[in-house]
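Undergrad: Can you read through this structure? Questions will come right after.
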Amino acid sequence: MAGPGLWAVVAAVLAVAIDAIVRRAHGWARESSLGARRRARLPPGDMGWPVVGAMWAFLWAFKSGNPDSFIDSFIRRFGRTGVYRAFMFSSPTILVVNPDACKRVLMDDESIAEGWPRAAVELIGKKSFLTSPREEHRRLRKLTAAPINGFDALSTYLGFIDRTVAETLRRWSSEAAGEIEFLTEMRRMTFKIIVQIFLTAADDATMLALERSYTDLNYGVRAMAINLPGFAFHKALKARKKLVSVLQGVLNERRAAGAKGHPRSDTDMMDRLIEAEDEHGRRLDDEEIIDILIMYLNAGHESSAHIAMWATLFLQENPEMFAKAKAEQEEIIRSIPPTQKGISLRDFRKMEYLSQVIDETLRFVNISFVSFREATKDVFVNGYLIPKGWKVQLWYRSVHMDPEVYPDPKKFNPSRWEGYSARAGTFLPFGLGTRLCPGNDLAKLEISVFLHHFLLGYKLTRTNPSCRIRYLPHPRPVDNCLAKITKVSDEQ
Ligand code: HEM
């Protein structure tokens, strides 16, 4: 009679055999239509099991606190080819993980279009930039990016950002505030700024309701599109409904005021979108305007808040960096002529070390760790085929954590940016090409203004300094950085 040991061996062999058969069958089902010649040119990798593909490995890596282990496992198994194939978010997908390959894909608008997963498209909106055709994207981008970027636009917003930051820090450090969730509060602050730019003033209750809905929305954006109670996507769809209804209310008021001939004195982004006409005189409908606003209000506060929080933490945890950054701020304050009122955009451009701290935070934290595209034609990258119709994921995180690009990548080291200008494709916190983040300068300005005030007058004491980090949807301490903000000196 066979003992339990033998049965265990038989079961293990069977499991391995079944696993191999299922993987092969799934690979065949997904790839056979390419034909033998094209299949032979695919990058290394496999389709894994049906339905889940590489999703379990991806989620496991991110949820177990070692996000880099996901792409590392491809490099270990298949070598440093820079591109791999996998099955993710229900689609055959090419993972692009090194600088040259990322640059090649990001600059090729002829063969590569955007290709966000279904969850993101449904939540951010089918009429936002996420799916708009190339020409429409170019037109709407031009219309919406100009008013938030460039010297003149940023100068207009600087005063409001500066006042908001100064007032917020005073409030956080008051006796009454006590301990705060630093990240949650930071999100509220960056949200207030982006709402001001896009919708002018909204009352506090509207703002709070909108911001809360965004938190739920974001959990769904990078999740699987499973619309069942208990799943992130289900909750996120409800949040989107709320956002649509609030924005529709504001839009109705604007249209009604316009119809009565009451033009508004301050033009904001909503007014601009209402007025916009294409070359055939066509205007945007409500759905388009709302989807564009949902996208901008989301993109415009979430990442900036996380980066501002992490930069503050890194500075606070590294006293020598803090001292160096503070000395630079004091020097700049001393150099401001007495006739100048407040700090100017030119002063921010002089903050070299602070800029290095922010760049290193962007590299190290990888708030947008991956971006999504789709091949519209067969295209070759690093000598491998990306077949037409396949999804493409650009792994910005892997580029920033590549030891061949950034020596000792897991060390937070702002000085690595001193006198260094990154080769194209090696620094992608804001992406590259036609989809480059249109809010990059605004984000850096907001973060700089915050750090400027913080360095000059405050300190942060965390309640749980070694709190665990959660990496999805964005890296953050699980306690949302519970902390006390204390005023240590009057700003100069
Ligand atoms: C630290 C802050 C920020 C980071 C790290 C960041 C990162 C990014 C990245 C990586 C992309 C490109 C995604 C791709 O490759 O497809 C992007 C796109 C975008 N970002 Fe940002 N962003 C930040 C702040 C902002 C702000 C403040 C705004 C708005 C004012 C904004 C609005 C957008 C929009 C609308 C897009 C889509 C652009 C398009 O598809 O044409 N972002 N962002």
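Residues are referred to by chain and number: the chain letter is A, B, ... according to the order shown in the structure tokens, the number counts from 1 in that chain, and ligands are numbered separately from 1 in the order shown.
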Near segment 306-309 of chain A, counting only C-alpha atoms, which residues have an atom at most 9 Å away, once you skip same-chain residues fewer than 2 positions from it, shown as a PyMOL selection string?
TA: chain A and resi 182-183+186-187+301-304+311-314+358+361-362+365+367+446-448+450-451+474-476+481
Undergrad: Those same residues - N, CA, C and O atoms - I'd like them written as an mmCIF file, in the first residue's frame.
TA:
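What landed in part_21.cif:
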```
data_model
loop_
_atom_site.group_PDB
_atom_site.id
_atom_site.type_symbol
_atom_site.label_atom_id
_atom_site.label_comp_id
_atom_site.auth_asym_id
_atom_site.auth_seq_id
_atom_site.Cartn_x
_atom_site.Cartn_y
_atom_site.Cartn_z
ATOM 1 N N PHE A 182 -2.181 63.426 8.552
ATOM 2 C CA PHE A 182 -1.464 64.388 7.723
ATOM 3 C C PHE A 182 -1.801 64.225 6.232
ATOM 4 O O PHE A 182 -2.044 65.203 5.528
ATOM 5 N N LEU A 183 -1.856 62.975 5.762
ATOM 6 C CA LEU A 183 -2.135 62.761 4.339
ATOM 7 C C LEU A 183 -3.567 63.191 3.991
ATOM 8 O O LEU A 183 -3.789 63.868 2.981
ATOM 9 N N MET A 186 -3.691 66.838 3.903
ATOM 10 C CA MET A 186 -2.940 67.356 2.751
ATOM 11 C C MET A 186 -3.787 67.221 1.476
ATOM 12 O O MET A 186 -3.799 68.107 0.623
ATOM 13 N N ARG A 187 -4.492 66.109 1.359
ATOM 14 C CA ARG A 187 -5.362 65.930 0.187
ATOM 15 C C ARG A 187 -6.445 67.000 0.166
ATOM 16 O O ARG A 187 -6.799 67.506 -0.901
ATOM 17 N N HIS A 301 -5.059 66.637 -7.594
ATOM 18 C CA HIS A 301 -4.818 66.788 -6.153
ATOM 19 C C HIS A 301 -4.205 65.568 -5.492
ATOM 20 O O HIS A 301 -3.393 65.683 -4.583
ATOM 21 N N GLU A 302 -4.543 64.391 -5.989
ATOM 22 C CA GLU A 302 -4.153 63.150 -5.336
ATOM 23 C C GLU A 302 -2.613 62.988 -5.298
ATOM 24 O O GLU A 302 -2.024 62.849 -4.223
ATOM 25 N N SER A 303 -1.988 63.076 -6.467
ATOM 26 C CA SER A 303 -0.540 62.830 -6.524
ATOM 27 C C SER A 303 0.234 63.928 -5.810
ATOM 28 O O SER A 303 1.188 63.645 -5.075
ATOM 29 N N SER A 304 -0.175 65.173 -6.011
ATOM 30 C CA SER A 304 0.563 66.282 -5.373
ATOM 31 C C SER A 304 0.525 66.120 -3.853
ATOM 32 O O SER A 304 1.526 66.362 -3.173
ATOM 33 N N ALA A 311 7.639 63.974 0.844
ATOM 34 C CA ALA A 311 8.817 64.862 0.898
ATOM 35 C C ALA A 311 8.978 65.414 2.314
ATOM 36 O O ALA A 311 10.090 65.490 2.850
ATOM 37 N N THR A 312 7.851 65.786 2.950
ATOM 38 C CA THR A 312 7.909 66.294 4.321
ATOM 39 C C THR A 312 8.481 65.219 5.254
ATOM 40 O O THR A 312 9.353 65.491 6.090
ATOM 41 N N LEU A 313 7.998 63.993 5.088
ATOM 42 C CA LEU A 313 8.480 62.908 5.966
ATOM 43 C C LEU A 313 9.969 62.656 5.763
ATOM 44 O O LEU A 313 10.723 62.517 6.727
ATOM 45 N N PHE A 314 10.391 62.596 4.496
ATOM 46 C CA PHE A 314 11.816 62.327 4.251
ATOM 47 C C PHE A 314 12.686 63.425 4.853
ATOM 48 O O PHE A 314 13.742 63.160 5.433
ATOM 49 N N ILE A 358 12.452 67.287 -4.184
ATOM 50 C CA ILE A 358 11.163 66.918 -4.797
ATOM 51 C C ILE A 358 11.376 65.877 -5.913
ATOM 52 O O ILE A 358 10.656 64.884 -6.000
ATOM 53 N N THR A 361 11.992 62.614 -4.371
ATOM 54 C CA THR A 361 10.746 62.056 -3.815
ATOM 55 C C THR A 361 9.906 61.458 -4.948
ATOM 56 O O THR A 361 9.366 60.354 -4.821
ATOM 57 N N LEU A 362 9.832 62.177 -6.066
ATOM 58 C CA LEU A 362 9.055 61.668 -7.207
ATOM 59 C C LEU A 362 9.634 60.340 -7.705
ATOM 60 O O LEU A 362 8.908 59.399 -8.019
ATOM 61 N N VAL A 365 9.221 57.544 -4.602
ATOM 62 C CA VAL A 365 7.877 57.140 -4.167
ATOM 63 C C VAL A 365 7.088 56.495 -5.313
ATOM 64 O O VAL A 365 6.293 55.599 -5.101
ATOM 65 N N ILE A 367 4.625 57.565 -7.426
ATOM 66 C CA ILE A 367 3.193 57.681 -7.191
ATOM 67 C C ILE A 367 2.396 57.169 -8.398
ATOM 68 O O ILE A 367 1.393 56.494 -8.242
ATOM 69 N N GLU A 446 3.140 73.783 -6.100
ATOM 70 C CA GLU A 446 2.356 73.558 -4.861
ATOM 71 C C GLU A 446 3.205 72.885 -3.795
ATOM 72 O O GLU A 446 3.188 73.274 -2.626
ATOM 73 N N ILE A 447 3.938 71.861 -4.219
ATOM 74 C CA ILE A 447 4.748 71.100 -3.258
ATOM 75 C C ILE A 447 5.849 72.006 -2.696
ATOM 76 O O ILE A 447 6.128 72.007 -1.489
ATOM 77 N N SER A 448 6.450 72.821 -3.568
ATOM 78 C CA SER A 448 7.519 73.735 -3.114
ATOM 79 C C SER A 448 6.977 74.755 -2.125
ATOM 80 O O SER A 448 7.621 75.046 -1.114
ATOM 81 N N PHE A 450 4.481 74.455 -0.173
ATOM 82 C CA PHE A 450 4.225 73.798 1.106
ATOM 83 C C PHE A 450 5.533 73.593 1.871
ATOM 84 O O PHE A 450 5.642 73.939 3.058
ATOM 85 N N LEU A 451 6.534 73.056 1.203
ATOM 86 C CA LEU A 451 7.795 72.753 1.908
ATOM 87 C C LEU A 451 8.485 74.040 2.364
ATOM 88 O O LEU A 451 9.104 74.075 3.436
ATOM 89 N N HIS A 474 -1.966 54.056 -4.082
ATOM 90 C CA HIS A 474 -0.732 54.849 -4.053
ATOM 91 C C HIS A 474 0.020 54.523 -2.769
ATOM 92 O O HIS A 474 -0.620 54.233 -1.748
ATOM 93 N N PRO A 475 1.340 54.626 -2.770
ATOM 94 C CA PRO A 475 2.080 54.328 -1.534
ATOM 95 C C PRO A 475 1.724 55.321 -0.421
ATOM 96 O O PRO A 475 1.781 56.532 -0.634
ATOM 97 N N ARG A 476 1.334 54.778 0.736
ATOM 98 C CA ARG A 476 0.998 55.646 1.872
ATOM 99 C C ARG A 476 1.094 54.838 3.158
ATOM 100 O O ARG A 476 0.885 53.612 3.141
ATOM 101 N N CYS A 481 -0.577 58.672 7.939
ATOM 102 C CA CYS A 481 0.429 59.542 8.555
ATOM 103 C C CYS A 481 -0.166 60.382 9.705
ATOM 104 O O CYS A 481 -0.145 61.622 9.671
#
```
Undergrad: Output the neighbourhood of ligand 1 as a JSON list (two decimals) with N, CA and C atoms, in the first residue's frame, that is, all protein and nucleic acid residues with some atom at most 7 Å from the ligand, counting only C-alpha atoms and all ligand atoms.
TA:
```json
[["chain", "number", "residue", "atom", "x", "y", "z"],
["A", 114, "GLU", "N", -3.66, 55.48, -26.08],
["A", 114, "GLU", "CA", -3.89, 55.17, -24.66],
["A", 114, "GLU", "C", -4.67, 53.86, -24.55],
["A", 129, "PHE", "N", -9.92, 62.48, -21.10],
["A", 129, "PHE", "CA", -8.79, 62.24, -22.02],
["A", 129, "PHE", "C", -8.45, 60.76, -22.15],
["A", 130, "LEU", "N", -8.94, 59.97, -21.20],
["A", 130, "LEU", "CA", -8.52, 58.58, -21.15],
["A", 130, "LEU", "C", -8.85, 57.81, -22.42],
["A", 137, "HIS", "N", -8.22, 64.73, -28.37],
["A", 137, "HIS", "CA", -7.34, 64.82, -27.21],
["A", 137, "HIS", "C", -6.43, 66.04, -27.35],
["A", 141, "ARG", "N", -6.68, 69.14, -24.84],
["A", 141, "ARG", "CA", -5.48, 69.30, -24.03],
["A", 141, "ARG", "C", -4.95, 70.71, -24.14],
["A", 148, "ILE", "N", -3.17, 76.19, -17.00],
["A", 148, "ILE", "CA", -2.60, 75.73, -15.73],
["A", 148, "ILE", "C", -1.08, 75.65, -15.77],
["A", 194, "ILE", "N", -7.00, 72.93, -6.26],
["A", 194, "ILE", "CA", -7.39, 72.58, -7.64],
["A", 194, "ILE", "C", -8.85, 72.98, -7.90],
["A", 295, "MET", "N", -11.72, 64.07, -14.31],
["A", 295, "MET", "CA", -10.33, 63.66, -14.52],
["A", 295, "MET", "C", -9.36, 64.68, -13.94],
["A", 296, "TYR", "N", -9.57, 65.96, -14.24],
["A", 296, "TYR", "CA", -8.62, 66.98, -13.79],
["A", 296, "TYR", "C", -8.62, 67.15, -12.28],
["A", 297, "LEU", "N", -9.82, 67.16, -11.69],
["A", 297, "LEU", "CA", -9.87, 67.36, -10.24],
["A", 297, "LEU", "C", -9.21, 66.20, -9.53],
["A", 299, "ALA", "N", -6.73, 64.01, -10.95],
["A", 299, "ALA", "CA", -5.29, 64.04, -11.23],
["A", 299, "ALA", "C", -4.64, 65.23, -10.53],
["A", 300, "GLY", "N", -5.39, 66.29, -10.36],
["A", 300, "GLY", "CA", -4.80, 67.53, -9.86],
["A", 300, "GLY", "C", -4.65, 67.63, -8.37],
["A", 301, "HIS", "N", -5.06, 66.64, -7.59],
["A", 301, "HIS", "CA", -4.82, 66.79, -6.15],
["A", 301, "HIS", "C", -4.21, 65.57, -5.49],
["A", 303, "SER", "N", -1.99, 63.08, -6.47],
["A", 303, "SER", "CA", -0.54, 62.83, -6.52],
["A", 303, "SER", "C", 0.23, 63.93, -5.81],
["A", 304, "SER", "N", -0.17, 65.17, -6.01],
["A", 304, "SER", "CA", 0.56, 66.28, -5.37],
["A", 304, "SER", "C", 0.53, 66.12, -3.85],
["A", 307, "ILE", "N", 2.92, 63.32, -2.75],
["A", 307, "ILE", "CA", 4.34, 63.68, -2.87],
["A", 307, "ILE", "C", 4.71, 64.72, -1.81],
["A", 362, "LEU", "N", 9.83, 62.18, -6.07],
["A", 362, "LEU", "CA", 9.05, 61.67, -7.21],
["A", 362, "LEU", "C", 9.63, 60.34, -7.71],
["A", 367, "ILE", "N", 4.63, 57.57, -7.43],
["A", 367, "ILE", "CA", 3.19, 57.68, -7.19],
["A", 367, "ILE", "C", 2.40, 57.17, -8.40],
["A", 368, "SER", "N", 2.87, 57.48, -9.62],
["A", 368, "SER", "CA", 2.24, 56.89, -10.82],
["A", 368, "SER", "C", 3.17, 55.77, -11.27],
["A", 371, "SER", "N", 1.66, 53.13, -16.36],
["A", 371, "SER", "CA", 0.74, 53.84, -17.24],
["A", 371, "SER", "C", 0.27, 52.88, -18.33],
["A", 372, "PHE", "N", -0.87, 53.21, -18.94],
["A", 372, "PHE", "CA", -1.51, 52.21, -19.80],
["A", 372, "PHE", "C", -1.67, 52.68, -21.25],
["A", 428, "LEU", "N", 10.61, 59.56, -15.33],
["A", 428, "LEU", "CA", 9.27, 59.64, -15.93],
["A", 428, "LEU", "C", 8.16, 59.85, -14.89],
["A", 429, "PRO", "N", 8.39, 60.66, -13.85],
["A", 429, "PRO", "CA", 7.31, 60.80, -12.86],
["A", 429, "PRO", "C", 6.06, 61.41, -13.47],
["A", 430, "PHE", "N", 6.25, 62.20, -14.54],
["A", 430, "PHE", "CA", 5.10, 62.84, -15.18],
["A", 430, "PHE", "C", 4.83, 62.26, -16.58],
["A", 431, "GLY", "N", 5.45, 61.13, -16.89],
["A", 431, "GLY", "CA", 5.29, 60.54, -18.21],
["A", 431, "GLY", "C", 6.14, 61.27, -19.24],
["A", 432, "LEU", "N", 5.77, 61.14, -20.50],
["A", 432, "LEU", "CA", 6.55, 61.73, -21.60],
["A", 432, "LEU", "C", 5.68, 61.75, -22.85],
["A", 434, "THR", "N", 3.02, 63.05, -25.84],
["A", 434, "THR", "CA", 1.78, 63.83, -25.95],
["A", 434, "THR", "C", 0.88, 63.70, -24.71],
["A", 435, "ARG", "N", 1.17, 62.72, -23.87],
["A", 435, "ARG", "CA", 0.35, 62.54, -22.67],
["A", 435, "ARG", "C", 1.11, 62.98, -21.42],
["A", 436, "LEU", "N", 2.20, 63.69, -21.62],
["A", 436, "LEU", "CA", 2.95, 64.21, -20.47],
["A", 436, "LEU", "C", 2.00, 64.97, -19.56],
["A", 437, "CYS", "N", 2.17, 64.80, -18.25],
["A", 437, "CYS", "CA", 1.25, 65.43, -17.31],
["A", 437, "CYS", "C", 1.19, 66.95, -17.54],
["A", 438, "PRO", "N", 0.00, 67.50, -17.82],
["A", 438, "PRO", "CA", -0.09, 68.94, -18.04],
["A", 438, "PRO", "C", 0.00, 69.74, -16.75],
["A", 439, "GLY", "N", -0.06, 69.05, -15.60],
["A", 439, "GLY", "CA", -0.03, 69.77, -14.32],
["A", 439, "GLY", "C", 1.33, 69.68, -13.63],
["A", 440, "ASN", "N", 2.37, 69.27, -14.39],
["A", 440, "ASN", "CA", 3.67, 69.01, -13.73],
["A", 440, "ASN", "C", 4.24, 70.25, -13.03],
["A", 442, "LEU", "N", 2.60, 72.98, -12.09],
["A", 442, "LEU", "CA", 1.70, 73.38, -11.00],
["A", 442, "LEU", "C", 1.94, 72.48, -9.78],
["A", 443, "ALA", "N", 2.10, 71.18, -10.01],
["A", 443, "ALA", "CA", 2.32, 70.25, -8.90],
["A", 443, "ALA", "C", 3.62, 70.60, -8.17],
["A", 444, "LYS", "N", 4.67, 70.83, -8.95],
["A", 444, "LYS", "CA", 5.96, 71.14, -8.29],
["A", 444, "LYS", "C", 5.88, 72.45, -7.53]]
```
Undergrad: With a distance cut-off of 6 Å and only C-alpha atoms, select the neighbouring residues of segment 23-27 of chain A, excluding the residue or stretch itself and same-chain residues fewer than 6 positions from it, and output the selection as a VMD selection string.
TA: chain A and resid 47 to 50
Undergrad: Between atom CA of Pro67 of chain A and atom CA of Met401 of chain A, what is the distance in Å, rounded to a tenth?
TA: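 Separation of atom CA of Pro67 of chain A and atom CA of Met401 of chain A: 10.7 Å.
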Undergrad: Which of these residues is nearest to Lys127 of chain A, using only C-alpha atoms: A:Glu374, A:Thr486, A:Leu293, A:Glu330?
TA: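 Between A:Glu374, A:Thr486, A:Leu293, A:Glu330, the residue approaching Lys127 of chain A most closely is A:Leu293.
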Undergrad: Need the shell around Ala236 of chain A: protein/DNA/RNA residues with any atom at most 6 Å away, counting only C-alpha atoms. Skip same-chain ones fewer than 3 positions apart. Format as number ranges by chain?
TA: A: 216-217, 220, 233, 239
Undergrad: What does the distance from atom CA of Phe70 of chain A to atom CA of Ala86 of chain A come to in Å, to one decimal?
TA: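 Atom-to-atom, atom CA of Phe70 of chain A and atom CA of Ala86 of chain A are spaced 11.7 Å apart.
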Undergrad: What does the structure give for the distance between atom CA of His262 of chain A and atom CA of Leu208 of chain A, in Å to one decimal?
TA: 28.0 Å
Undergrad: Would you return as a PyMOL selection string the members of segment 326-406 of chain A that DSSP assigns to strand (DSSP E) on this structure's backbone?
TA: chain A and resi 371-375+379-381+384-386+391-394
Undergrad: Quick one: everything within 8 Å of Ala119 of chain A, counting only C-alpha atoms, minus sequence neighbours fewer than 3 positions away in the same chain. Send it as a list in words.
TA: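 The neighbour list is Glu122, Leu123, Gly220, Val221, Arg222, Ala223, Met224, Ala225 and Phe233 of chain A.
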Undergrad: Excluding same-chain residues fewer than 5 positions from segment 331-337 of chain A, what lies within 8 Å of it counting only C-alpha atoms, as an MDAnalysis selection string?
TA: chainID A and resid 343 347 350:351 492
Undergrad: When distances are computed from only C-alpha atoms, which of A:Ala232, A:Leu251, A:Ala305, A:Ile386 shows the smallest separation from Ala120 of chain A?
TA: A:Ala232
Undergrad: Find the spatial neighbours of Trp390 of chain A, counting only C-alpha atoms, within a cut-off of 8 Å - ignore same-chain residues fewer than 4 positions away - and output them as a PyMOL selection string.
TA: chain A and resi 91-94+374-375+386
Undergrad: Just to be explicit: take each residue in the selection above, keep N, CA and C atoms, and write the result as a CSV table (one decimal), in the first residue's frame.
TA:
```csv
chain,number,residue,atom,x,y,z
A,91,SER,N,-6.5,41.2,-20.2
A,91,SER,CA,-6.0,41.4,-21.6
A,91,SER,C,-4.6,40.9,-21.7
A,92,PRO,N,-4.2,40.4,-22.9
A,92,PRO,CA,-2.8,40.1,-23.2
A,92,PRO,C,-2.1,41.4,-23.2
A,93,THR,N,-1.0,41.5,-22.5
A,93,THR,CA,-0.3,42.8,-22.2
A,93,THR,C,1.2,42.7,-22.3
A,94,ILE,N,1.8,43.7,-22.9
A,94,ILE,CA,3.2,43.8,-22.9
A,94,ILE,C,3.7,44.8,-21.8
A,374,GLU,N,-2.2,51.1,-25.7
A,374,GLU,CA,-2.6,49.9,-26.5
A,374,GLU,C,-2.0,50.1,-27.9
A,375,ALA,N,-1.5,49.0,-28.5
A,375,ALA,CA,-0.9,49.1,-29.8
A,375,ALA,C,-2.1,49.2,-30.8
A,386,ILE,N,5.1,44.0,-30.4
A,386,ILE,CA,3.9,44.3,-29.6
A,386,ILE,C,2.8,44.1,-30.6
```
Undergrad: Go through A:Arg139, A:Lys377, A:Asn66, A:Arg283 and flag the residue nearest Ala113 of chain A, using only C-alpha atoms for the distances.
TA: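 That would be A:Lys377, the residue with the smallest distance to Ala113 of chain A.
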Undergrad: Extract the full set of helix (DSSP H, G or I) residues from segment 102-194 of chain A according to DSSP on the backbone, and format it as a ChimeraX atom specification.
TA: /A:102-106,118-124,134-148,151-172,175-177,182-194
Undergrad: Under the rule of at most 9 Å, produce a per-residue listing of segment 94-139 of chain A near segment 393-397 of chain A: chain, number, name, the closest pair of atoms, and the distance in Å, as CSV, using only C-alpha atoms.
TA:
```
residue,atom,partner,partner_atom,distance
A:Ile94,CA,A:Gln393,CA,6.2
A:Leu95,CA,A:Gln393,CA,4.9
A:Val96,CA,A:Leu394,CA,4.9
A:Val97,CA,A:Trp395,CA,4.9
A:Asn98,CA,A:Trp395,CA,7.8
A:Pro99,CA,A:Tyr396,CA,8.4
A:Ala101,CA,A:Leu394,CA,8.8
A:Cys102,CA,A:Leu394,CA,6.2
A:Val105,CA,A:Leu394,CA,8.3
A:Leu106,CA,A:Leu394,CA,8.6
A:Gly115,CA,A:Gln393,CA,8.7
```
